[in-house]
Every structure is written in structure tokens, then in C-alpha cells.
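Peer 1: Here you go, this is my_file_35.cif (mmCIF, C-alpha atoms).
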```cif
data_upload
#
loop_
_atom_site.label_atom_id
_atom_site.label_comp_id
_atom_site.auth_asym_id
_atom_site.auth_seq_id
_atom_site.Cartn_x
_atom_site.Cartn_y
_atom_site.Cartn_z
CA MET A 756 -3.04 -29.94 -30.64
CA LYS A 757 -5.77 -31.18 -28.24
CA HIS A 758 -8.39 -29.80 -30.61
CA GLU A 759 -6.76 -31.56 -33.56
CA LEU A 760 -6.72 -34.86 -31.70
CA ARG A 761 -10.41 -34.42 -30.94
CA VAL A 762 -11.18 -33.69 -34.58
CA LEU A 763 -9.09 -36.65 -35.77
CA LYS A 764 -11.13 -38.85 -33.42
CA ARG A 765 -14.33 -37.39 -34.87
CA ILE A 766 -13.11 -38.05 -38.41
CA LYS A 767 -12.32 -41.63 -37.37
CA ARG A 768 -15.85 -42.14 -35.99
CA ASP A 769 -17.49 -40.53 -39.07
CA LEU A 770 -15.38 -42.63 -41.45
CA LYS A 771 -16.42 -45.81 -39.63
CA SER A 772 -20.10 -45.03 -40.20
CA LEU A 773 -19.43 -43.98 -43.80
CA LEU A 774 -17.57 -47.17 -44.65
CA LYS A 775 -20.33 -49.28 -43.13
CA ALA A 776 -22.82 -47.60 -45.45
CA ALA A 777 -20.64 -47.48 -48.56
CA PRO A 778 -18.30 -50.50 -48.57
CA THR A 779 -17.16 -49.85 -52.16
CA LEU A 780 -15.14 -46.93 -50.79
CA GLN A 781 -12.88 -49.52 -49.14
CA HIS A 782 -12.20 -51.15 -52.50
CA ALA A 783 -8.60 -50.82 -53.62
CA LYS A 784 -9.76 -48.23 -56.12
CA GLY A 785 -11.90 -46.39 -53.58
CA ALA A 786 -13.35 -43.23 -55.03
CA GLY A 787 -12.58 -44.64 -58.47
CA ARG A 788 -15.55 -47.02 -58.19
CA ILE A 789 -17.98 -44.11 -57.88
CA PHE A 790 -16.22 -42.39 -60.78
CA GLU A 791 -16.89 -45.54 -62.88
CA LEU A 792 -20.55 -45.54 -61.89
CA TYR A 793 -20.81 -41.88 -62.87
CA VAL A 794 -19.41 -42.67 -66.35
CA VAL A 795 -21.79 -45.66 -66.72
CA MET A 796 -24.83 -43.53 -65.89
CA ARG A 797 -23.77 -40.66 -68.13
CA VAL A 798 -23.17 -42.96 -71.12
CA ALA A 799 -26.56 -44.63 -70.52
CA LYS A 800 -28.30 -41.25 -70.34
CA GLN A 801 -26.57 -40.08 -73.53
CA LEU A 802 -27.68 -43.27 -75.31
CA GLN A 803 -31.24 -42.59 -74.19
CA LEU A 804 -30.97 -39.14 -75.80
CA LEU A 805 -29.81 -40.89 -79.00
CA GLY A 806 -33.01 -42.95 -79.06
CA TRP A 807 -31.85 -46.12 -77.31
CA THR A 808 -34.18 -47.85 -74.86
CA VAL A 809 -32.27 -47.95 -71.58
CA THR A 810 -33.35 -50.46 -68.92
CA PRO A 811 -31.45 -50.83 -65.64
CA LEU A 812 -31.49 -54.51 -64.65
CA ALA A 813 -31.28 -56.42 -61.36
CA SER A 814 -28.66 -59.18 -61.15
CA ASP A 815 -31.26 -61.75 -62.28
CA GLY A 816 -31.80 -59.82 -65.52
CA THR A 817 -35.24 -58.42 -64.63
CA PRO A 818 -35.88 -54.65 -64.90
CA LEU A 819 -35.19 -52.78 -61.65
CA GLY A 820 -38.27 -50.58 -61.98
CA ALA A 821 -38.90 -47.38 -60.07
CA HIS A 822 -38.47 -48.68 -56.52
CA ARG A 823 -35.14 -50.46 -56.54
CA PRO A 824 -31.72 -48.77 -56.68
CA PHE A 825 -28.89 -49.61 -59.07
CA VAL A 826 -26.53 -51.84 -57.07
CA GLN A 827 -22.84 -51.36 -57.77
CA ARG A 828 -20.63 -54.41 -57.45
CA GLY A 829 -18.75 -54.24 -54.13
CA GLY A 830 -15.68 -56.05 -52.81
CA ALA A 831 -13.46 -58.10 -55.06
CA PRO A 832 -14.15 -58.12 -58.81
CA SER A 833 -16.19 -61.07 -60.01
CA GLY A 834 -18.03 -62.59 -62.94
CA ILE A 835 -21.73 -62.88 -63.69
CA VAL A 836 -23.92 -64.72 -61.20
CA PRO A 837 -26.78 -67.05 -62.24
CA SER A 838 -30.25 -65.50 -62.27
CA ALA A 839 -31.36 -68.25 -59.89
CA TRP A 840 -29.27 -66.58 -57.19
CA LEU A 841 -30.54 -63.59 -55.19
CA ALA A 842 -31.65 -60.61 -57.29
CA SER A 843 -29.92 -58.19 -54.89
CA GLY A 844 -26.54 -58.71 -56.61
CA PRO A 845 -24.85 -56.19 -58.89
CA SER A 846 -26.99 -54.42 -61.47
CA SER A 847 -26.34 -53.84 -65.17
CA ILE A 848 -27.98 -51.73 -67.88
CA ARG A 849 -29.65 -53.12 -71.02
CA ILE A 850 -29.52 -50.87 -74.10
CA GLU A 851 -31.62 -51.59 -77.20
CA LYS A 852 -32.12 -49.85 -80.54
CA LEU A 853 -33.38 -51.21 -83.87
CA GLY A 854 -32.56 -54.85 -83.14
CA ARG A 855 -29.23 -54.12 -81.48
CA ASN A 856 -29.14 -55.34 -77.88
CA PHE A 857 -26.26 -54.89 -75.46
CA GLU A 858 -25.64 -54.71 -71.75
CA ILE A 859 -23.40 -52.24 -69.95
CA TRP A 860 -21.39 -53.87 -67.17
CA ASN A 861 -19.35 -52.27 -64.40
CA GLY A 862 -16.39 -54.01 -62.72
CA VAL A 863 -16.89 -57.44 -64.30
CA GLN A 864 -14.08 -59.92 -64.91
CA PHE A 865 -13.50 -61.50 -68.33
CA ARG A 866 -11.36 -64.54 -69.07
CA GLY A 867 -8.44 -64.20 -71.47
CA ARG A 868 -6.81 -66.80 -73.73
CA SER A 869 -4.11 -67.32 -71.09
CA GLY A 870 -6.79 -68.43 -68.64
CA ALA A 871 -6.25 -65.31 -66.51
CA LYS A 872 -9.21 -63.17 -65.46
CA HIS A 873 -9.17 -59.46 -66.21
CA GLU A 874 -11.47 -56.89 -64.66
CA LEU A 875 -12.80 -54.24 -67.01
CA ASP A 876 -14.13 -51.11 -65.30
CA ILE A 877 -16.85 -50.58 -67.90
CA SER A 878 -17.75 -52.85 -70.80
CA ILE A 879 -20.58 -53.57 -73.19
CA VAL A 880 -21.45 -57.07 -74.29
CA PRO A 881 -24.22 -58.56 -76.46
CA SER A 882 -27.39 -59.12 -74.37
CA THR A 883 -27.55 -62.72 -75.60
CA LEU A 884 -24.16 -63.39 -73.98
CA ALA A 885 -25.27 -61.77 -70.70
CA ASN A 886 -28.42 -63.92 -70.70
CA ALA A 887 -26.40 -67.08 -71.44
CA LEU A 888 -24.10 -66.36 -68.49
CA ARG A 889 -27.06 -65.72 -66.17
CA ALA A 890 -28.62 -69.00 -67.28
CA GLY A 891 -25.64 -70.92 -65.86
CA SER A 892 -25.56 -72.70 -62.52
CA SER A 893 -22.41 -71.02 -61.17
CA GLU A 894 -20.57 -67.73 -61.51
CA GLY A 895 -19.55 -67.31 -65.16
CA PHE A 896 -16.89 -65.32 -66.97
CA ALA A 897 -17.20 -64.10 -70.54
CA PHE A 898 -14.34 -65.46 -72.67
CA GLY A 899 -13.06 -62.93 -75.21
CA ARG A 900 -12.94 -59.21 -75.78
CA PRO A 901 -16.05 -57.03 -75.41
CA PRO A 902 -16.79 -54.55 -78.21
CA LEU A 903 -16.20 -51.68 -75.78
CA ALA A 904 -13.91 -51.56 -72.75
CA ILE A 905 -13.31 -48.45 -70.65
CA GLU A 906 -10.55 -48.22 -68.08
CA CYS A 907 -11.21 -45.43 -65.57
CA LYS A 908 -8.42 -43.81 -63.59
CA ASP A 909 -9.57 -41.33 -60.98
CA VAL A 910 -6.06 -40.69 -59.73
CA GLY A 911 -3.86 -37.64 -59.25
CA LYS A 912 -0.75 -39.01 -60.97
CA SER A 913 -0.26 -38.80 -64.74
CA GLY A 914 -0.77 -42.05 -66.65
CA SER A 915 2.50 -43.94 -66.94
CA PRO A 916 3.70 -46.15 -69.81
CA ASP A 917 3.18 -49.16 -67.48
CA GLU A 918 -0.49 -48.25 -66.99
CA MET A 919 -0.91 -48.19 -70.78
CA ARG A 920 1.04 -51.45 -71.21
CA SER A 921 -1.29 -53.06 -68.68
CA LEU A 922 -4.37 -52.02 -70.69
CA VAL A 923 -2.80 -53.11 -74.01
CA ALA A 924 -1.79 -56.47 -72.51
CA ARG A 925 -5.30 -57.10 -71.20
CA MET A 926 -6.82 -56.35 -74.61
CA TYR A 927 -4.24 -58.65 -76.23
CA ASP A 928 -5.06 -61.55 -73.89
CA LEU A 929 -8.80 -61.04 -74.37
CA THR A 930 -8.71 -60.81 -78.18
CA ILE A 931 -9.71 -64.03 -79.96
CA LEU A 932 -8.64 -64.10 -83.59
CA GLU A 933 -9.94 -66.28 -86.41
CA SER A 934 -6.63 -68.20 -86.33
CA HIS A 935 -7.07 -69.00 -82.61
CA LEU A 936 -10.44 -70.70 -83.09
CA ARG A 937 -9.17 -74.08 -84.23
CA TYR A 938 -6.69 -74.32 -81.36
CA LEU A 939 -9.38 -73.29 -78.90
CA LYS A 940 -11.82 -75.74 -80.57
CA LEU A 941 -14.47 -73.04 -80.86
CA ASN A 942 -17.02 -72.09 -83.50
CA ASN A 943 -16.66 -68.63 -84.99
CA GLY A 944 -17.15 -65.72 -82.60
CA TYR A 945 -15.26 -62.94 -80.81
CA ILE A 946 -16.73 -63.56 -77.37
CA PHE A 947 -18.12 -66.67 -75.66
CA ASP A 948 -19.89 -67.62 -72.41
CA SER A 949 -16.87 -69.77 -71.42
CA PRO A 950 -13.74 -71.30 -72.99
CA LEU A 951 -16.00 -74.24 -73.97
CA GLY A 952 -17.97 -71.82 -76.14
CA ALA A 953 -21.56 -73.10 -75.87
CA HIS A 954 -22.71 -69.57 -76.70
CA SER A 955 -20.85 -67.36 -79.16
CA SER A 956 -21.36 -63.85 -80.50
CA GLY A 957 -20.22 -62.21 -83.74
CA VAL A 958 -17.25 -63.09 -85.91
CA ALA A 959 -13.61 -63.35 -84.87
CA PRO A 960 -11.35 -60.72 -86.49
CA ALA A 961 -8.51 -61.95 -88.72
CA THR A 962 -5.68 -59.88 -87.21
CA TYR A 963 -4.91 -57.84 -84.08
CA LEU A 964 -4.93 -54.69 -86.23
CA LYS A 965 -8.47 -55.46 -87.40
CA ALA A 966 -9.53 -56.27 -83.81
CA ASN A 967 -8.09 -53.00 -82.52
CA LEU A 968 -9.93 -51.10 -85.25
CA ALA A 969 -13.24 -52.94 -84.80
CA PHE A 970 -13.35 -52.83 -81.00
CA ARG A 971 -12.96 -49.76 -78.82
CA ALA A 972 -10.66 -49.51 -75.83
CA VAL A 973 -10.85 -46.29 -73.85
CA LEU A 974 -8.65 -44.88 -71.11
CA ALA A 975 -10.53 -42.22 -69.12
CA ARG A 976 -8.32 -40.29 -66.68
CA ARG A 977 -8.88 -37.48 -64.20
CA THR A 978 -5.34 -36.30 -64.89
CA GLY A 979 -3.06 -36.43 -67.94
CA LEU A 980 -0.87 -38.98 -69.69
CA SER A 981 2.91 -39.08 -69.88
CA SER A 982 4.32 -38.86 -73.40
CA GLY A 983 5.55 -42.48 -73.20
CA ALA A 984 2.01 -43.65 -72.51
CA ALA A 985 0.51 -41.42 -75.21
CA ASP A 986 2.94 -42.91 -77.79
CA MET A 987 1.23 -46.30 -77.42
CA THR A 988 -2.31 -45.08 -78.08
CA SER A 989 -2.17 -44.87 -81.85
CA LEU A 990 -0.82 -48.32 -82.85
CA PHE A 991 -3.06 -50.13 -80.35
CA ASN A 992 -6.00 -47.80 -81.07
CA ILE A 993 -6.56 -46.85 -77.44
CA SER A 994 -8.79 -43.77 -77.14
CA PRO A 995 -7.44 -41.62 -74.30
CA TYR A 996 -9.53 -38.99 -72.51
CA VAL A 997 -7.87 -36.76 -69.94
CA GLY A 998 -9.30 -34.22 -67.50
CA VAL A 999 -12.37 -36.40 -66.97
CA GLU A 1000 -14.10 -35.18 -63.82
CA HIS A 1001 -17.49 -33.83 -62.85
CA PRO A 1002 -18.26 -31.47 -64.45
CA SER A 1003 -15.73 -31.07 -67.26
CA ILE A 1004 -15.28 -30.81 -71.01
CA GLY A 1005 -13.21 -34.03 -70.78
CA ALA A 1006 -16.17 -35.92 -69.30
CA ASP A 1007 -18.60 -34.46 -71.87
CA LEU A 1008 -16.32 -35.50 -74.74
CA LEU A 1009 -15.82 -39.03 -73.35
CA VAL A 1010 -19.56 -39.54 -72.91
CA LYS A 1011 -20.61 -38.08 -76.28
CA GLU A 1012 -17.97 -39.90 -78.35
CA THR A 1013 -18.49 -43.23 -76.54
CA ALA A 1014 -22.27 -43.07 -76.98
CA ALA A 1015 -21.85 -42.05 -80.64
CA TRP A 1016 -19.54 -45.04 -81.19
CA ILE A 1017 -22.08 -47.43 -79.62
CA ASP A 1018 -24.83 -45.82 -81.72
CA ALA A 1019 -22.84 -46.62 -84.87
CA LEU A 1020 -22.34 -50.30 -83.95
CA MET B 306 8.26 -30.71 -39.58
CA LEU B 307 8.40 -33.36 -36.85
CA GLN B 308 4.99 -32.30 -35.54
CA ARG B 309 3.61 -32.37 -39.09
CA ASP B 310 4.94 -35.89 -39.58
CA ARG B 311 3.42 -37.04 -36.27
CA LYS B 312 0.03 -35.57 -37.18
CA LEU B 313 0.25 -37.04 -40.67
CA SER B 314 1.04 -40.47 -39.21
CA ARG B 315 -2.12 -40.22 -37.10
CA LEU B 316 -4.17 -39.25 -40.14
CA PHE B 317 -2.71 -42.12 -42.20
CA ARG B 318 -3.47 -44.56 -39.40
CA ILE B 319 -7.08 -43.39 -39.23
CA LEU B 320 -7.52 -43.71 -43.00
CA ASP B 321 -5.78 -47.11 -43.10
CA ASP B 322 -7.80 -48.43 -40.15
CA ALA B 323 -10.97 -47.37 -41.97
CA GLY B 324 -9.80 -49.31 -45.05
CA LEU B 325 -9.24 -46.17 -47.11
CA THR B 326 -5.70 -47.12 -48.08
CA TRP B 327 -6.22 -45.63 -51.54
CA LEU B 328 -6.66 -42.21 -49.90
CA THR B 329 -3.57 -42.68 -47.72
CA ASP B 330 -1.65 -43.59 -50.87
CA GLU B 331 -2.88 -40.45 -52.61
CA VAL B 332 -1.85 -38.19 -49.71
CA ARG B 333 1.53 -39.94 -49.49
CA ALA B 334 1.97 -39.46 -53.25
CA LEU B 335 1.13 -35.77 -52.83
CA CYS B 336 3.88 -35.41 -50.20
CA ALA B 337 6.33 -37.50 -52.24
CA ALA B 338 5.62 -35.52 -55.39
CA ALA B 339 6.43 -32.25 -53.62
CA GLU B 340 9.60 -33.69 -52.12
CA ASP B 341 10.49 -35.18 -55.51
CA ALA B 342 9.67 -32.10 -57.60
CA PRO B 343 11.75 -31.44 -60.72
CA ILE B 344 15.03 -29.71 -60.10
CA ASP B 345 16.95 -27.61 -62.58
CA ASP B 346 19.68 -29.01 -64.82
CA SER B 347 22.66 -27.41 -63.02
CA GLU B 348 21.39 -28.84 -59.73
CA VAL B 349 21.09 -32.27 -61.36
CA GLY B 350 24.72 -32.03 -62.47
CA SER B 351 26.08 -31.23 -59.03
CA LEU B 352 23.83 -33.75 -57.32
CA ARG B 353 24.94 -36.44 -59.75
CA ALA B 354 28.54 -35.67 -58.93
CA GLU B 355 27.82 -35.77 -55.19
CA ASN B 356 25.80 -38.89 -55.02
CA ALA B 357 24.49 -40.91 -57.94
CA MET B 358 21.80 -42.46 -55.79
CA ARG B 359 20.17 -39.14 -55.04
CA VAL B 360 19.37 -38.60 -58.70
CA ALA B 361 18.34 -42.17 -59.47
CA PRO B 362 15.45 -42.03 -61.94
CA THR B 363 12.06 -41.79 -60.28
CA PRO B 364 8.76 -42.15 -62.13
CA ARG B 365 8.15 -38.43 -61.78
CA ARG B 366 11.53 -37.44 -63.17
CA GLU B 367 11.22 -40.02 -65.94
CA SER B 368 7.81 -38.76 -67.01
CA ALA B 369 8.95 -35.14 -66.71
CA GLY B 370 11.95 -35.88 -68.95
CA SER B 371 14.51 -33.10 -68.92
CA SER B 372 13.67 -30.69 -66.10
CA PRO B 373 12.52 -27.28 -67.32
CA ALA B 374 15.02 -24.53 -66.59
CA GLY B 375 14.29 -22.48 -63.52
CA THR B 376 12.20 -25.06 -61.63
CA VAL B 377 13.12 -25.37 -57.99
CA SER B 378 12.44 -27.90 -55.26
CA VAL B 379 9.00 -27.51 -53.68
CA ALA B 380 8.51 -27.88 -49.94
CA ALA B 381 6.38 -30.82 -48.78
CA PRO B 382 2.78 -29.77 -48.11
CA GLY B 383 1.82 -28.99 -44.53
CA PHE B 384 -0.64 -30.99 -42.47
CA ASP B 385 -3.48 -28.57 -43.27
CA ALA B 386 -2.80 -28.98 -46.99
CA CYS B 387 -3.06 -32.76 -46.59
CA ILE B 388 -6.35 -32.43 -44.68
CA LEU B 389 -7.59 -30.08 -47.41
CA TYR B 390 -6.67 -32.72 -49.98
CA VAL B 391 -8.63 -35.38 -48.07
CA LEU B 392 -11.52 -32.93 -47.89
CA ALA B 393 -11.33 -32.29 -51.65
CA ARG B 394 -11.40 -36.04 -52.40
CA ILE B 395 -14.38 -36.52 -50.08
CA ASP B 396 -16.11 -33.64 -51.86
CA ASP B 397 -15.27 -35.36 -55.20
CA VAL B 398 -16.90 -38.58 -54.05
CA ALA B 399 -19.98 -36.69 -52.83
CA ALA B 400 -20.25 -34.78 -56.11
CA TYR B 401 -19.97 -37.97 -58.20
CA LEU B 402 -22.48 -39.76 -56.01
CA ALA B 403 -25.01 -36.90 -56.15
CA ALA B 404 -24.66 -36.60 -59.95
CA THR B 405 -24.88 -40.38 -60.41
CA ALA B 406 -27.97 -40.66 -58.22
CA LEU B 407 -29.66 -37.90 -60.21
CA LEU B 408 -28.88 -39.66 -63.50
CA ALA B 409 -30.20 -42.95 -62.07
CA GLU B 410 -33.46 -41.24 -61.20
CA GLU B 411 -33.65 -39.80 -64.72
CA LEU B 412 -33.26 -43.37 -66.02
CA GLY B 413 -36.32 -44.36 -63.97
CA ILE B 414 -34.78 -46.05 -60.92
CA SER B 415 -34.72 -44.99 -57.30
CA GLY B 416 -31.00 -44.17 -56.97
CA VAL B 417 -27.77 -46.05 -56.47
CA GLN B 418 -26.41 -48.39 -53.83
CA LEU B 419 -22.67 -48.75 -53.30
CA GLY B 420 -22.08 -52.43 -52.61
CA GLU B 421 -24.31 -55.48 -52.62
CA GLY B 422 -26.71 -57.09 -50.19
CA ASP B 423 -26.79 -56.14 -46.52
CA SER B 424 -23.36 -54.52 -46.56
CA GLY B 425 -24.42 -51.69 -48.86
CA ASP B 426 -26.65 -48.80 -47.88
CA SER B 427 -30.16 -48.90 -49.26
CA ARG B 428 -30.15 -45.25 -50.23
CA HIS B 429 -27.42 -42.99 -51.56
CA GLU B 430 -28.80 -40.17 -49.36
CA ALA B 431 -27.38 -41.91 -46.26
CA THR B 432 -23.92 -42.11 -47.83
CA LEU B 433 -24.09 -38.47 -48.91
CA SER B 434 -25.02 -37.39 -45.39
CA LEU B 435 -22.11 -39.39 -43.91
CA LEU B 436 -19.72 -37.93 -46.48
CA LYS B 437 -20.87 -34.49 -45.33
CA ASP B 438 -20.12 -35.40 -41.69
CA VAL B 439 -16.56 -36.44 -42.54
CA ALA B 440 -16.04 -33.31 -44.65
CA ASP B 441 -17.39 -31.08 -41.84
CA SER B 442 -14.98 -32.65 -39.34
CA ALA B 443 -12.03 -32.18 -41.69
CA ARG B 444 -13.07 -28.59 -42.39
CA ALA B 445 -13.32 -27.88 -38.64
CA MET B 446 -9.75 -29.05 -38.22
CA VAL B 447 -8.43 -26.69 -40.89
CA GLU B 448 -10.50 -23.73 -39.75
CA ALA B 449 -9.54 -24.08 -36.04
#
```
For the structure just supplied, provide its representation as C-alpha cells.
Peer 2:
Amino acid sequence: MKHELRVLKRIKRDLKSLLKAAPTLQHAKGAGRIFELYVVMRVAKQLQLLGWTVTPLASDGTPLGAHRPFVQRGGAPSGIVPSAWLASGPSSIRIEKLGRNFEIWNGVQFRGRSGAKHELDISIVPSTLANALRAGSSEGFAFGRPPLAIECKDVGKSGSPDEMRSLVARMYDLTILESHLRYLKLNNGYIFDSPLGAHSSGVAPATYLKANLAFRAVLARRTGLSSGAADMTSLFNISPYVGVEHPSIGADLLVKETAAWIDAL
Amino acid sequence: MLQRDRKLSRLFRILDDAGLTWLTDEVRALCAAAEDAPIDDSEVGSLRAENAMRVAPTPRRESAGSSPAGTVSVAAPGFDACILYVLARIDDVAAYLAATALLAEELGISGVQLGEGDSGDSRHEATLSLLKDVADSARAMVEA
């Protein structure tokens, strides 16, 4: 018992030092944040193998280069900070191929039609939108649904119907349809730099069905899905991946199919 | 059982004080899952008759649907099993971090930093070394 108390004290001391060095471990999702970063890096590497130019960026949008690390967003989820602010903020990854330019974001909040902000674990957005947000004078939130959204769940419990409902509801709130544009007083587009819509990208889909087919929403889980949750994947076109851990067939499949989907954009 | 609960409380307090509430929640869920394991249909019948509250639907039972025949209650994991779980999760984090850092280097950057500005470490190596310290301490507890 004395020995155990001593070891518990040692664990306490070691954890204190660890948390000082890696504050993202204290995030509500803890280890899940590192899991997200792992998926981001693997998708980026796979895209590079498919011929994309992959450039990790500092928070001001300049390339990180060989001497700076990729900085993962810590603390509470947030939007995109202006490039005029310090460049030591969260990093992103630019991907380019044959005139197609996107950025991969990790843990960034988007604004939905309700006005609520929704954090997406991993997303890709047009580079022009990322640049427009960085050109602002305060923290900005993309308004609309990104072409790709990945929800990562590095948890031991099977995915419940409520977890799936939460993802479907977020996608619903973020989706801007053609019929919404006149009420929102926006020019055509599926995603904007703010609800005022100074910068827009693409064309708004006509129906939710078309949006669900055109955009990709992925649920990547370390463990499985309950049947109630799995029932919702087909109508809402959610792509579920289970058994995603390092290393695993589940992770390989998620990375390959996600990169292939981006490559076909 | 009482001693296990006391030791577990200490472990939970340490994890909570460190801000690792997600890990406390996972260990608690592990204990709850064992205590709430599926029971067979005849047992459900008699329990329902005895006390409706005891068979109130829980997420686990709901997701499991009808309990498979022959399954029995599983004892809650011991303290060592909980420490081993914590150890496994720390190992998971270390493995993800090492793999991620390697990929970052392959993409032409110097590694990864968990968290922004002064609060984050400048090199993932420091985090990996600290993760190893925590894992070693946990392992020492189980092996003693």
C-alpha cells in the first residue's frame, strides 16, 4: 500500500510536467486531439503520394518551412485568426493540384445558419476562403458547410444514435441551400467568410439530398457503431469508419478513401 | 473491493487534478461497463419482477438490444486493470504522437507542437519523454 501511494505520487508529479508540455491533453477530448492530428498528417501524406503539393502553413498563412513545427490548436475551439496576429498560432495545411487549392483545418469552428458555432475536428475549405478569413481584422468563422468534414472519436464506447444525430444536425445547420440564399441576402455559394458573405465559394446545392451527395461527412471511430447509429448513415450519406487506430486496416481505409475523394474533387 | 475503491478514488483525483478528466471518464466507463454487462434473458425476467428500476434501460443495454443467451454478469475490473488501462491509453497517445511527428518530418517540417504559444512544448520529443515517465511509473505500480 505504501509503495502504491509512492507510485501514485510519482504519477501525479509526472503528469504535472506532461500537462505543462502538452496542454492539448487537458482538452475535453484529451487523447482524441492527437488522434485528429494523426489523421490530418496521414491524409496530407497520402495526398502527396497522389501528386498534390502539400505545404504546412503557419497561422499567418506563410509556409512553415523546415525549422518550425506544426502547431495544433490548443484550449477551447476557435475560428481563424487574422494573419496580422502572431504567426505562432495554430497551423494548417495547404494542398494544391492542377488549379485546385484547399486547406486542411483541425479543430476549427464554423458558423451555421442558426448562428451557432460548430467545431469540426478535420475539414477542408477552399484556400481563397482561408485567405479571406486571415485578411480580416478579428477572429473569423467560415459560414457554411465545408466540402469535407471528419468527426474523430477516439473513445472506447460504441457510437450511439445520439452521437450520429449530433453529426447530422451539425451538417444540417451548416448546409446552405440555393433556396436559403435570398433569405440570407447572399450571392451564390456554399460557404462564405461570414454571414455577410463578402467572400463566397462554389455554388449552393438545390436540396439537402444533393448537398449530402456532393459533400463528404465522415465519422472515424476507434471502436464500433451501434446499429441505431449505423441506420442513419445511408440517408444522410455519412461515411463511417470503425477500428481506426494506429496502425490498423481501418485507419488505412479511412486515409486512402478520403484522399481519393479529395483527389476527385 | 473497498480497498480497490479507495485506490481508484485516489487515481481519479490525481487524473482530475491534472485536468485529464477525459481519462477519468474512460476508466469510470470501463468499471461501469463491467458492472453493467449484459445479463441473460431469464435473469432479466426475474430482475424485472423484483425491481423495475434495476433493469431500467441503460445505453449499454439499449445498444446491445436483446442480451445474447448465456452471457453472465462480469466483475468490475480490479485496480491493476484500471492502471493497465491508463497505461494503454498513455501508450496510445505516445504512439500517435511518434507517428504524427514522423509524418510531419516527411512533409518537410520539424515536428509537431501540442498547443499554441508559450503553453505548448517546442518539440514533440519532450512530450514523448514525459509520456514515457508516466507510463514507467504506472508500470512500476502494476509490477510491484
Peer 1: With a cut-off of 7 Å and counting only C-alpha atoms, select all residues of chain B in contact with chain A and give the selection as a ChimeraX atom specification.
Peer 2: /B:319,323-325,327,368,398,401-402,405,408-409,412-422,424-426,432,435-436,438-439,442-443,446
Peer 1: Name the closest residue to Asp441 in chain B among the candidates B:Val391, B:Leu335, B:Leu307, B:Ala404; distances are taken between atoms, counting all atoms listed in the file.
Peer 2: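 Counting all atoms listed in the file, the residue closest to Asp441 in chain B is B:Val391.
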Peer 1: How close does each residue of range 758-834 of chain A get to range 1007-1019 of chain A, giving the shortest atom pair and distance in Å to one decimal for every residue with an atom at most 7 Å away, counting all atoms listed in the file, sorted by chain and residue number, as a tab-separated table?
Peer 2:
```
residue	atom	partner	partner_atom	distance
A:Arg797	CA	A:Val1010	CA	6.5
A:Val798	CA	A:Val1010	CA	5.3
A:Gln801	CA	A:Ala1014	CA	6.3
A:Leu802	CA	A:Ala1014	CA	5.7
```
Peer 1: Just the selected residues (C-alpha atoms), exported as an mmCIF file, keeping the file's coordinate frame, please.
Peer 2:
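Dumped everything to selection31.cif:
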```
data_model
loop_
_atom_site.group_PDB
_atom_site.id
_atom_site.type_symbol
_atom_site.label_atom_id
_atom_site.label_comp_id
_atom_site.auth_asym_id
_atom_site.auth_seq_id
_atom_site.Cartn_x
_atom_site.Cartn_y
_atom_site.Cartn_z
ATOM 1 C CA ARG A 797 -23.770 -40.660 -68.130
ATOM 2 C CA VAL A 798 -23.170 -42.960 -71.120
ATOM 3 C CA GLN A 801 -26.570 -40.080 -73.530
ATOM 4 C CA LEU A 802 -27.680 -43.270 -75.310
#
```
Peer 1: What is the CA of Trp807 in chain A to CA of Ile931 in chain A distance in Å?
Peer 2: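 We find that CA of Trp807 in chain A and CA of Ile931 in chain A lie 28.6 Å from each other.
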Peer 1: Would you compute the distance between CA of Glu430 in chain B and CA of Gly862 in chain A? Give it in Å to one decimal.
Peer 2: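 Value for the CA of Glu430 in chain B-CA of Gly862 in chain A distance: 22.9 Å.
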Peer 1: What gap, in Å, lies between CA of Arg868 in chain A and CA of Asp909 in chain A?
Peer 2: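 Taking CA of Arg868 in chain A and CA of Asp909 in chain A, their separation equals 28.6 Å.
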Peer 1: Mind listing as a PyMOL selection string all residues within 10 Å of (-2.5, -36.9, -38.5), counting all atoms listed in the file?
Peer 2: (chain A and resi 759-760+763) or (chain B and resi 308-320+384-385+387-388)
Peer 1: May I have the selected residues written with C-alpha atoms, as a short mmCIF file (atom, residue, chain, number, x, y, z; two decimals), in the frame of the given file?
Peer 2:
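Result went into out_24.cif, see below:
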```
data_model
loop_
_atom_site.label_atom_id
_atom_site.label_comp_id
_atom_site.auth_asym_id
_atom_site.auth_seq_id
_atom_site.Cartn_x
_atom_site.Cartn_y
_atom_site.Cartn_z
CA GLU A 759 -6.76 -31.56 -33.56
CA LEU A 760 -6.72 -34.86 -31.70
CA LEU A 763 -9.09 -36.65 -35.77
CA GLN B 308 4.99 -32.30 -35.54
CA ARG B 309 3.61 -32.37 -39.09
CA ASP B 310 4.94 -35.89 -39.58
CA ARG B 311 3.42 -37.04 -36.27
CA LYS B 312 0.03 -35.57 -37.18
CA LEU B 313 0.25 -37.04 -40.67
CA SER B 314 1.04 -40.47 -39.21
CA ARG B 315 -2.12 -40.22 -37.10
CA LEU B 316 -4.17 -39.25 -40.14
CA PHE B 317 -2.71 -42.12 -42.20
CA ARG B 318 -3.47 -44.56 -39.40
CA ILE B 319 -7.08 -43.39 -39.23
CA LEU B 320 -7.52 -43.71 -43.00
CA PHE B 384 -0.64 -30.99 -42.47
CA ASP B 385 -3.48 -28.57 -43.27
CA CYS B 387 -3.06 -32.76 -46.59
CA ILE B 388 -6.35 -32.43 -44.68
#
```
Peer 1: Counting all atoms listed in the file, figure out which residue out of A:Arg866, A:Arg976, A:Arg920, A:His873 gets nearest to Phe896 in chain A.
Peer 2: A:Arg866
Peer 1: May I have the residues within 9 Å of Val997 in chain A as number ranges by chain, using only C-alpha atoms and disregarding those fewer than 5 positions away in the same chain?
Peer 2: A: 974-980, 1005-1006, 1009
Peer 1: Do you know which residues the PyMOL selection byres ((chain A and resi 875-888) around 6) returns on this file, as a PyMOL selection string?
Peer 2: chain A and resi 856-863+874+889-891+895+901+903-906+948
Peer 1: What lies within 7 Å of Ser833 in chain A using all atoms listed in the file, ignoring chain neighbours under 2 positions off, as a list in words?
Peer 2: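 Counting all atoms listed in the file, the residues come to Ala831, Ile835, Val863 and Gln864 of chain A.
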